[in-house]
$ cat upload.cif   # mmCIF, N, CA and C atoms
data_my_file
#
loop_
_atom_site.label_atom_id
_atom_site.label_comp_id
_atom_site.auth_asym_id
_atom_site.auth_seq_id
_atom_site.Cartn_x
_atom_site.Cartn_y
_atom_site.Cartn_z
N MET F 846 8.21 -21.60 -97.12
CA MET F 846 7.09 -21.31 -97.97
C MET F 846 5.83 -21.90 -97.33
N LYS F 847 4.77 -21.11 -97.23
CA LYS F 847 3.49 -21.57 -96.69
C LYS F 847 2.68 -22.18 -97.82
N ILE F 848 2.27 -23.45 -97.62
CA ILE F 848 1.54 -24.16 -98.66
C ILE F 848 0.18 -24.59 -98.13
N LEU F 849 -0.88 -24.05 -98.73
CA LEU F 849 -2.24 -24.41 -98.40
C LEU F 849 -2.53 -25.79 -98.99
N ILE F 850 -3.13 -26.66 -98.19
CA ILE F 850 -3.50 -28.01 -98.62
C ILE F 850 -5.00 -28.15 -98.42
N ALA F 851 -5.72 -28.53 -99.47
CA ALA F 851 -7.15 -28.79 -99.36
C ALA F 851 -7.40 -30.21 -99.85
N ASP F 852 -7.74 -31.09 -98.91
CA ASP F 852 -8.02 -32.49 -99.24
C ASP F 852 -8.95 -33.05 -98.18
N ASP F 853 -10.07 -33.62 -98.59
CA ASP F 853 -11.04 -34.13 -97.62
C ASP F 853 -10.67 -35.51 -97.07
N ASP F 854 -9.75 -36.21 -97.71
CA ASP F 854 -9.32 -37.53 -97.24
C ASP F 854 -8.25 -37.35 -96.16
N LEU F 855 -8.58 -37.74 -94.93
CA LEU F 855 -7.67 -37.54 -93.80
C LEU F 855 -6.32 -38.20 -94.03
N ASN F 856 -6.31 -39.40 -94.59
CA ASN F 856 -5.03 -40.10 -94.81
C ASN F 856 -4.15 -39.35 -95.80
N PHE F 857 -4.73 -38.92 -96.92
CA PHE F 857 -3.94 -38.17 -97.89
C PHE F 857 -3.53 -36.81 -97.34
N ARG F 858 -4.45 -36.14 -96.64
CA ARG F 858 -4.14 -34.83 -96.07
C ARG F 858 -2.99 -34.93 -95.08
N THR F 859 -3.01 -35.97 -94.26
CA THR F 859 -1.93 -36.19 -93.29
C THR F 859 -0.61 -36.46 -94.00
N LEU F 860 -0.66 -37.30 -95.04
CA LEU F 860 0.56 -37.62 -95.79
C LEU F 860 1.12 -36.39 -96.50
N ILE F 861 0.27 -35.65 -97.18
CA ILE F 861 0.71 -34.45 -97.90
C ILE F 861 1.30 -33.44 -96.91
N THR F 862 0.64 -33.27 -95.77
CA THR F 862 1.13 -32.36 -94.74
C THR F 862 2.52 -32.77 -94.27
N ALA F 863 2.72 -34.06 -94.02
CA ALA F 863 4.02 -34.56 -93.57
C ALA F 863 5.09 -34.37 -94.63
N VAL F 864 4.78 -34.67 -95.88
CA VAL F 864 5.76 -34.52 -96.97
C VAL F 864 6.17 -33.06 -97.11
N ILE F 865 5.21 -32.15 -97.07
CA ILE F 865 5.51 -30.73 -97.21
C ILE F 865 6.35 -30.23 -96.04
N ALA F 866 6.00 -30.67 -94.83
CA ALA F 866 6.78 -30.26 -93.65
C ALA F 866 8.20 -30.82 -93.72
N GLU F 867 8.34 -32.07 -94.13
CA GLU F 867 9.67 -32.67 -94.26
C GLU F 867 10.50 -31.97 -95.33
N GLY F 868 9.82 -31.37 -96.29
CA GLY F 868 10.51 -30.62 -97.34
C GLY F 868 10.92 -29.22 -96.90
N GLY F 869 10.64 -28.88 -95.64
CA GLY F 869 11.06 -27.59 -95.11
C GLY F 869 10.04 -26.48 -95.28
N HIS F 870 8.82 -26.83 -95.66
CA HIS F 870 7.78 -25.84 -95.88
C HIS F 870 6.78 -25.88 -94.73
N THR F 871 5.92 -24.88 -94.66
CA THR F 871 4.89 -24.81 -93.64
C THR F 871 3.56 -25.21 -94.25
N PRO F 872 3.02 -26.38 -93.87
CA PRO F 872 1.74 -26.80 -94.42
C PRO F 872 0.57 -26.13 -93.70
N LEU F 873 -0.45 -25.80 -94.48
CA LEU F 873 -1.69 -25.23 -93.94
C LEU F 873 -2.83 -26.15 -94.38
N PRO F 874 -3.05 -27.27 -93.68
CA PRO F 874 -4.04 -28.25 -94.13
C PRO F 874 -5.48 -27.90 -93.77
N GLU F 875 -6.38 -28.17 -94.71
CA GLU F 875 -7.82 -28.00 -94.49
C GLU F 875 -8.56 -29.16 -95.15
N GLU F 876 -9.76 -29.46 -94.62
CA GLU F 876 -10.48 -30.64 -95.07
C GLU F 876 -11.46 -30.41 -96.21
N ASN F 877 -11.64 -29.18 -96.62
CA ASN F 877 -12.49 -28.93 -97.79
C ASN F 877 -12.16 -27.56 -98.38
N GLY F 878 -12.72 -27.31 -99.55
CA GLY F 878 -12.43 -26.07 -100.24
C GLY F 878 -12.90 -24.82 -99.53
N ARG F 879 -14.05 -24.90 -98.87
CA ARG F 879 -14.56 -23.72 -98.16
C ARG F 879 -13.62 -23.31 -97.03
N LEU F 880 -13.19 -24.29 -96.24
CA LEU F 880 -12.27 -23.99 -95.14
C LEU F 880 -10.91 -23.52 -95.68
N ALA F 881 -10.49 -24.11 -96.78
CA ALA F 881 -9.22 -23.68 -97.38
C ALA F 881 -9.31 -22.23 -97.86
N TRP F 882 -10.42 -21.87 -98.48
CA TRP F 882 -10.61 -20.49 -98.94
C TRP F 882 -10.59 -19.52 -97.76
N GLU F 883 -11.30 -19.89 -96.68
CA GLU F 883 -11.34 -19.02 -95.51
C GLU F 883 -9.94 -18.85 -94.90
N ARG F 884 -9.17 -19.92 -94.89
CA ARG F 884 -7.81 -19.83 -94.34
C ARG F 884 -6.92 -19.00 -95.25
N LEU F 885 -7.07 -19.17 -96.55
CA LEU F 885 -6.29 -18.38 -97.50
C LEU F 885 -6.59 -16.89 -97.33
N GLU F 886 -7.85 -16.56 -97.18
CA GLU F 886 -8.24 -15.17 -96.97
C GLU F 886 -7.66 -14.62 -95.67
N LYS F 887 -7.63 -15.44 -94.64
CA LYS F 887 -7.18 -15.00 -93.32
C LYS F 887 -5.66 -14.95 -93.22
N GLU F 888 -4.97 -16.00 -93.68
CA GLU F 888 -3.53 -16.14 -93.45
C GLU F 888 -2.67 -15.95 -94.69
N GLY F 889 -3.26 -16.08 -95.86
CA GLY F 889 -2.47 -16.06 -97.08
C GLY F 889 -1.67 -17.35 -97.23
N ALA F 890 -1.04 -17.52 -98.36
CA ALA F 890 -0.20 -18.69 -98.63
C ALA F 890 0.70 -18.35 -99.82
N ASP F 891 1.76 -19.12 -99.97
CA ASP F 891 2.67 -18.93 -101.10
C ASP F 891 2.34 -19.86 -102.25
N MET F 892 1.60 -20.94 -101.95
CA MET F 892 1.25 -21.95 -102.94
C MET F 892 0.07 -22.74 -102.40
N ALA F 893 -0.65 -23.43 -103.29
CA ALA F 893 -1.76 -24.28 -102.85
C ALA F 893 -1.67 -25.63 -103.54
N VAL F 894 -2.01 -26.68 -102.78
CA VAL F 894 -2.13 -28.04 -103.30
C VAL F 894 -3.58 -28.44 -103.05
N LEU F 895 -4.34 -28.66 -104.14
CA LEU F 895 -5.78 -28.87 -104.03
C LEU F 895 -6.22 -30.21 -104.58
N ASP F 896 -7.06 -30.90 -103.83
CA ASP F 896 -7.77 -32.07 -104.32
C ASP F 896 -8.94 -31.56 -105.14
N VAL F 897 -9.49 -32.40 -105.99
CA VAL F 897 -10.65 -32.00 -106.78
C VAL F 897 -11.94 -32.35 -106.04
N ASN F 898 -12.10 -33.61 -105.67
CA ASN F 898 -13.34 -34.09 -105.05
C ASN F 898 -13.36 -33.78 -103.56
N MET F 899 -14.12 -32.76 -103.19
CA MET F 899 -14.27 -32.38 -101.79
C MET F 899 -15.69 -31.89 -101.56
N PRO F 900 -16.20 -32.08 -100.34
CA PRO F 900 -17.53 -31.53 -100.02
C PRO F 900 -17.48 -30.01 -99.83
N GLU F 901 -18.63 -29.40 -99.88
CA GLU F 901 -18.84 -27.97 -99.66
C GLU F 901 -18.31 -27.10 -100.79
N MET F 902 -17.07 -27.29 -101.19
CA MET F 902 -16.50 -26.58 -102.34
C MET F 902 -15.40 -27.46 -102.90
N ASP F 903 -15.56 -27.90 -104.16
CA ASP F 903 -14.54 -28.78 -104.72
C ASP F 903 -13.31 -27.99 -105.16
N GLY F 904 -12.29 -28.71 -105.56
CA GLY F 904 -11.03 -28.07 -105.92
C GLY F 904 -11.12 -27.16 -107.13
N PHE F 905 -11.97 -27.52 -108.10
CA PHE F 905 -12.13 -26.66 -109.27
C PHE F 905 -12.79 -25.33 -108.88
N GLU F 906 -13.80 -25.40 -108.02
CA GLU F 906 -14.47 -24.17 -107.58
C GLU F 906 -13.51 -23.30 -106.76
N LEU F 907 -12.73 -23.94 -105.90
CA LEU F 907 -11.74 -23.19 -105.12
C LEU F 907 -10.72 -22.54 -106.05
N LEU F 908 -10.27 -23.27 -107.04
CA LEU F 908 -9.32 -22.73 -108.01
C LEU F 908 -9.93 -21.54 -108.76
N LYS F 909 -11.19 -21.64 -109.14
CA LYS F 909 -11.87 -20.51 -109.81
C LYS F 909 -11.88 -19.28 -108.91
N ARG F 910 -12.19 -19.48 -107.62
CA ARG F 910 -12.19 -18.35 -106.69
C ARG F 910 -10.81 -17.72 -106.57
N ILE F 911 -9.80 -18.57 -106.51
CA ILE F 911 -8.43 -18.07 -106.41
C ILE F 911 -8.09 -17.24 -107.65
N ARG F 912 -8.40 -17.75 -108.83
CA ARG F 912 -8.06 -17.05 -110.07
C ARG F 912 -8.87 -15.78 -110.28
N CYS F 913 -10.04 -15.69 -109.67
CA CYS F 913 -10.88 -14.47 -109.79
C CYS F 913 -10.58 -13.44 -108.71
N SER F 914 -9.77 -13.80 -107.75
CA SER F 914 -9.47 -12.91 -106.64
C SER F 914 -8.27 -12.01 -106.97
N PRO F 915 -8.44 -10.70 -106.92
CA PRO F 915 -7.29 -9.82 -107.18
C PRO F 915 -6.13 -10.09 -106.22
N ARG F 916 -6.44 -10.48 -105.01
CA ARG F 916 -5.41 -10.73 -104.00
C ARG F 916 -4.66 -12.03 -104.22
N HIS F 917 -5.34 -13.07 -104.73
CA HIS F 917 -4.74 -14.40 -104.80
C HIS F 917 -4.56 -14.94 -106.22
N LYS F 918 -4.94 -14.18 -107.24
CA LYS F 918 -4.98 -14.73 -108.60
C LYS F 918 -3.64 -15.26 -109.09
N GLY F 919 -2.53 -14.79 -108.56
CA GLY F 919 -1.22 -15.27 -108.98
C GLY F 919 -0.68 -16.43 -108.16
N LEU F 920 -1.49 -16.93 -107.21
CA LEU F 920 -1.05 -18.02 -106.34
C LEU F 920 -0.75 -19.27 -107.17
N PRO F 921 0.44 -19.84 -107.06
CA PRO F 921 0.73 -21.09 -107.76
C PRO F 921 -0.12 -22.22 -107.19
N VAL F 922 -0.75 -23.00 -108.08
CA VAL F 922 -1.65 -24.07 -107.65
C VAL F 922 -1.30 -25.39 -108.33
N LEU F 923 -1.13 -26.40 -107.49
CA LEU F 923 -0.91 -27.78 -107.94
C LEU F 923 -2.16 -28.57 -107.59
N MET F 924 -2.81 -29.15 -108.60
CA MET F 924 -3.93 -30.04 -108.35
C MET F 924 -3.35 -31.42 -108.06
N LEU F 925 -3.81 -32.03 -106.97
CA LEU F 925 -3.33 -33.35 -106.56
C LEU F 925 -4.57 -34.19 -106.28
N THR F 926 -4.91 -35.08 -107.21
CA THR F 926 -6.20 -35.75 -107.14
C THR F 926 -6.16 -37.15 -107.70
N ILE F 927 -7.15 -37.93 -107.33
CA ILE F 927 -7.31 -39.28 -107.84
C ILE F 927 -7.84 -39.27 -109.27
N ARG F 928 -8.40 -38.14 -109.69
CA ARG F 928 -9.01 -38.03 -111.02
C ARG F 928 -7.93 -37.93 -112.09
N ALA F 929 -7.67 -39.08 -112.72
CA ALA F 929 -6.55 -39.18 -113.66
C ALA F 929 -6.96 -39.11 -115.12
N PHE F 930 -8.25 -38.99 -115.40
CA PHE F 930 -8.68 -38.92 -116.80
C PHE F 930 -8.16 -37.65 -117.46
N ALA F 931 -7.88 -37.76 -118.74
CA ALA F 931 -7.35 -36.62 -119.48
C ALA F 931 -8.26 -35.41 -119.38
N GLU F 932 -9.59 -35.63 -119.45
CA GLU F 932 -10.51 -34.49 -119.40
C GLU F 932 -10.47 -33.78 -118.05
N ASP F 933 -10.20 -34.53 -116.97
CA ASP F 933 -10.05 -33.91 -115.66
C ASP F 933 -8.80 -33.04 -115.61
N GLN F 934 -7.72 -33.55 -116.17
CA GLN F 934 -6.48 -32.78 -116.18
C GLN F 934 -6.63 -31.53 -117.04
N VAL F 935 -7.27 -31.68 -118.20
CA VAL F 935 -7.51 -30.53 -119.07
C VAL F 935 -8.38 -29.50 -118.35
N SER F 936 -9.42 -29.97 -117.65
CA SER F 936 -10.27 -29.05 -116.88
C SER F 936 -9.46 -28.30 -115.83
N GLY F 937 -8.54 -29.02 -115.19
CA GLY F 937 -7.68 -28.38 -114.19
C GLY F 937 -6.84 -27.29 -114.79
N TYR F 938 -6.20 -27.60 -115.90
CA TYR F 938 -5.36 -26.58 -116.55
C TYR F 938 -6.21 -25.44 -117.11
N ASP F 939 -7.37 -25.77 -117.69
CA ASP F 939 -8.24 -24.73 -118.23
C ASP F 939 -8.77 -23.80 -117.14
N THR F 940 -8.94 -24.33 -115.94
CA THR F 940 -9.43 -23.54 -114.81
C THR F 940 -8.33 -22.68 -114.21
N GLY F 941 -7.08 -23.02 -114.51
CA GLY F 941 -5.98 -22.18 -114.03
C GLY F 941 -4.93 -22.89 -113.20
N ALA F 942 -4.98 -24.22 -113.14
CA ALA F 942 -3.95 -24.95 -112.39
C ALA F 942 -2.60 -24.77 -113.07
N ASP F 943 -1.56 -24.70 -112.27
CA ASP F 943 -0.20 -24.59 -112.80
C ASP F 943 0.42 -25.96 -113.02
N ASP F 944 -0.05 -26.95 -112.28
CA ASP F 944 0.45 -28.31 -112.42
C ASP F 944 -0.63 -29.26 -111.94
N TYR F 945 -0.50 -30.54 -112.31
CA TYR F 945 -1.52 -31.54 -112.01
C TYR F 945 -0.81 -32.84 -111.74
N LEU F 946 -1.04 -33.43 -110.58
CA LEU F 946 -0.42 -34.69 -110.19
C LEU F 946 -1.52 -35.61 -109.68
N THR F 947 -1.45 -36.90 -110.06
CA THR F 947 -2.49 -37.82 -109.65
C THR F 947 -2.05 -38.68 -108.46
N LYS F 948 -3.04 -39.09 -107.68
CA LYS F 948 -2.84 -40.00 -106.55
C LYS F 948 -2.99 -41.42 -107.07
N PRO F 949 -2.29 -42.37 -106.51
CA PRO F 949 -1.25 -42.21 -105.51
C PRO F 949 -0.03 -41.53 -106.12
N PHE F 950 0.77 -40.92 -105.29
CA PHE F 950 1.93 -40.17 -105.77
C PHE F 950 3.17 -40.59 -104.99
N ASP F 951 4.31 -40.33 -105.56
CA ASP F 951 5.58 -40.56 -104.90
C ASP F 951 5.94 -39.28 -104.13
N ASN F 952 6.33 -39.42 -102.88
CA ASN F 952 6.64 -38.26 -102.05
C ASN F 952 7.70 -37.36 -102.67
N GLU F 953 8.74 -37.97 -103.23
CA GLU F 953 9.81 -37.18 -103.84
C GLU F 953 9.33 -36.43 -105.07
N ILE F 954 8.43 -37.05 -105.82
CA ILE F 954 7.87 -36.37 -107.01
C ILE F 954 7.03 -35.18 -106.57
N LEU F 955 6.24 -35.33 -105.52
CA LEU F 955 5.45 -34.21 -105.02
C LEU F 955 6.35 -33.04 -104.64
N LEU F 956 7.39 -33.32 -103.88
CA LEU F 956 8.32 -32.24 -103.50
C LEU F 956 9.03 -31.64 -104.70
N ALA F 957 9.39 -32.48 -105.66
CA ALA F 957 10.05 -31.98 -106.87
C ALA F 957 9.10 -31.06 -107.65
N ARG F 958 7.83 -31.43 -107.73
CA ARG F 958 6.86 -30.59 -108.44
C ARG F 958 6.67 -29.26 -107.72
N ILE F 959 6.62 -29.31 -106.38
CA ILE F 959 6.48 -28.08 -105.59
C ILE F 959 7.70 -27.18 -105.81
N THR F 960 8.89 -27.76 -105.80
CA THR F 960 10.13 -27.00 -106.00
C THR F 960 10.15 -26.39 -107.40
N ALA F 961 9.77 -27.18 -108.41
CA ALA F 961 9.76 -26.69 -109.78
C ALA F 961 8.75 -25.56 -109.95
N LEU F 962 7.57 -25.73 -109.35
CA LEU F 962 6.54 -24.69 -109.44
C LEU F 962 7.00 -23.42 -108.75
N ALA F 963 7.64 -23.57 -107.61
CA ALA F 963 8.17 -22.39 -106.90
C ALA F 963 9.22 -21.68 -107.75
N ARG F 964 10.08 -22.45 -108.38
CA ARG F 964 11.12 -21.88 -109.23
C ARG F 964 10.52 -21.15 -110.42
N ARG F 965 9.53 -21.78 -111.07
CA ARG F 965 8.89 -21.19 -112.26
C ARG F 965 8.14 -19.91 -111.92
N THR F 966 7.64 -19.83 -110.70
CA THR F 966 6.84 -18.65 -110.33
C THR F 966 7.64 -17.62 -109.53
N GLY F 967 8.93 -17.86 -109.42
CA GLY F 967 9.80 -16.88 -108.76
C GLY F 967 9.80 -16.93 -107.26
N LEU F 968 9.28 -18.01 -106.67
CA LEU F 968 9.25 -18.11 -105.22
C LEU F 968 10.57 -18.62 -104.65
N GLY F 969 11.31 -19.39 -105.45
CA GLY F 969 12.49 -20.03 -104.91
C GLY F 969 12.09 -21.01 -103.84
N THR F 970 13.04 -21.60 -103.12
CA THR F 970 12.68 -22.51 -102.02
C THR F 970 13.61 -22.34 -100.86
#

$ encode --input "upload.cif" --output "structure tokens"
Amino acid sequence: MKILIADDDLNFRTLITAVIAEGGHTPLPEENGRLAWERLEKEGADMAVLDVNMPEMDGFELLKRIRCSPRHKGLPVLMLTIRAFAEDQVSGYDTGADDYLTKPFDNEILLARITALARRTGLGT
């Protein structure tokens, strides 16, 4: 499964990329929402893991673009962010996120959430 990753923090992006690769998936890491959108348009993806706070285009704006796109609107999206306030999580779900996980995270929990999201959306693993 190809998983788009959008996170401006190099350490988290590297960690998420490694966890996804170790889980047997193909990570597609990008450092901001604009680059992630361009890569999604060019290469496609089976799922996306998005940070909220990013320069150029934040995760909520990227999620809005995904949900408004006829080509990508059904893409499963997991928000993975430091923003743990209830209103942030509600905003994520209201914008169209399928799941929301806060940083720091446990590697096994991230993979379990990805597997569960894939199962719920018919992707399998």

$ resolve_selection --input "upload.cif" --expression "the PyMOL selection byres ((chain F and resi 875) around 8)" --output "PyMOL selection string"
chain F and resi 849-854+858+872-874+876-882

$ write_last_selection --input "upload.cif" --atoms "N, CA and C atoms" --output "mmCIF file, in the coordinates of the input"
data_model
loop_
_atom_site.group_PDB
_atom_site.id
_atom_site.type_symbol
_atom_site.label_atom_id
_atom_site.label_comp_id
_atom_site.auth_asym_id
_atom_site.auth_seq_id
_atom_site.Cartn_x
_atom_site.Cartn_y
_atom_site.Cartn_z
ATOM 1 N N LEU F 849 -0.880 -24.050 -98.730
ATOM 2 C CA LEU F 849 -2.240 -24.410 -98.400
ATOM 3 C C LEU F 849 -2.530 -25.790 -98.990
ATOM 4 N N ILE F 850 -3.130 -26.660 -98.190
ATOM 5 C CA ILE F 850 -3.500 -28.010 -98.620
ATOM 6 C C ILE F 850 -5.000 -28.150 -98.420
ATOM 7 N N ALA F 851 -5.720 -28.530 -99.470
ATOM 8 C CA ALA F 851 -7.150 -28.790 -99.360
ATOM 9 C C ALA F 851 -7.400 -30.210 -99.850
ATOM 10 N N ASP F 852 -7.740 -31.090 -98.910
ATOM 11 C CA ASP F 852 -8.020 -32.490 -99.240
ATOM 12 C C ASP F 852 -8.950 -33.050 -98.180
ATOM 13 N N ASP F 853 -10.070 -33.620 -98.590
ATOM 14 C CA ASP F 853 -11.040 -34.130 -97.620
ATOM 15 C C ASP F 853 -10.670 -35.510 -97.070
ATOM 16 N N ASP F 854 -9.750 -36.210 -97.710
ATOM 17 C CA ASP F 854 -9.320 -37.530 -97.240
ATOM 18 C C ASP F 854 -8.250 -37.350 -96.160
ATOM 19 N N ARG F 858 -4.450 -36.140 -96.640
ATOM 20 C CA ARG F 858 -4.140 -34.830 -96.070
ATOM 21 C C ARG F 858 -2.990 -34.930 -95.080
ATOM 22 N N PRO F 872 3.020 -26.380 -93.870
ATOM 23 C CA PRO F 872 1.740 -26.800 -94.420
ATOM 24 C C PRO F 872 0.570 -26.130 -93.700
ATOM 25 N N LEU F 873 -0.450 -25.800 -94.480
ATOM 26 C CA LEU F 873 -1.690 -25.230 -93.940
ATOM 27 C C LEU F 873 -2.830 -26.150 -94.380
ATOM 28 N N PRO F 874 -3.050 -27.270 -93.680
ATOM 29 C CA PRO F 874 -4.040 -28.250 -94.130
ATOM 30 C C PRO F 874 -5.480 -27.900 -93.770
ATOM 31 N N GLU F 876 -9.760 -29.460 -94.620
ATOM 32 C CA GLU F 876 -10.480 -30.640 -95.070
ATOM 33 C C GLU F 876 -11.460 -30.410 -96.210
ATOM 34 N N ASN F 877 -11.640 -29.180 -96.620
ATOM 35 C CA ASN F 877 -12.490 -28.930 -97.790
ATOM 36 C C ASN F 877 -12.160 -27.560 -98.380
ATOM 37 N N GLY F 878 -12.720 -27.310 -99.550
ATOM 38 C CA GLY F 878 -12.430 -26.070 -100.240
ATOM 39 C C GLY F 878 -12.900 -24.820 -99.530
ATOM 40 N N ARG F 879 -14.050 -24.900 -98.870
ATOM 41 C CA ARG F 879 -14.560 -23.720 -98.160
ATOM 42 C C ARG F 879 -13.620 -23.310 -97.030
ATOM 43 N N LEU F 880 -13.190 -24.290 -96.240
ATOM 44 C CA LEU F 880 -12.270 -23.990 -95.140
ATOM 45 C C LEU F 880 -10.910 -23.520 -95.680
ATOM 46 N N ALA F 881 -10.490 -24.110 -96.780
ATOM 47 C CA ALA F 881 -9.220 -23.680 -97.380
ATOM 48 C C ALA F 881 -9.310 -22.230 -97.860
ATOM 49 N N TRP F 882 -10.420 -21.870 -98.480
ATOM 50 C CA TRP F 882 -10.610 -20.490 -98.940
ATOM 51 C C TRP F 882 -10.590 -19.520 -97.760
#

$ closest_residue --input "upload.cif" --among "F:Ala893, F:Leu968, F:Leu860, F:Arg910" --to "Asp944 of chain F" --atoms "only C-alpha atoms"
F:Ala893

$ select_by_dssp --input "upload.cif" --residues "segment 872-936 of chain F" --states "strand (DSSP E)" --output "PyMOL selection string"
chain F and resi 872-875+892-895+922-926

$ residues_around --input "upload.cif" --residues "segment 921-938 of chain F" --least-positions-apart "5" --cutoff "7 Å" --atoms "all atoms listed in the file" --output "list in words"
Asp891, Met892, Ala893, Val894, Leu895, Asp896, Val897, Asn898, Phe905, Asp943, Asp944, Tyr945, Leu946, Thr947, Lys948, Pro949 and Leu962 of chain F

$ closest_residue --input "upload.cif" --among "F:Met846, F:Arg964, F:Lys909, F:Asn856" --to "Ala890 of chain F" --atoms "all atoms listed in the file"
F:Met846

$ closest_residue --input "upload.cif" --among "F:Leu907, F:Ala957, F:Ala942, F:Ile865" --to "Ile848 of chain F" --atoms "all atoms listed in the file"
F:Ile865

$ select_by_dssp --input "upload.cif" --residues "chain F" --states "helix (DSSP H, G or I)" --output "ChimeraX atom specification"
/F:855-867,878-888,904-913,931-940,952-965

$ closest_residue --input "upload.cif" --among "F:Glu901, F:Ser914, F:Gly868, F:Thr862" --to "Glu886 of chain F" --atoms "only C-alpha atoms"
F:Ser914

$ atom_distance --input "upload.cif" --atom1 "atom CA of Leu920 of chain F" --atom2 "atom CA of Ile954 of chain F"
20.4 Å

$ atom_distance --input "upload.cif" --atom1 "atom N of Lys847 of chain F" --atom2 "atom C of Thr940 of chain F"
21.5 Å
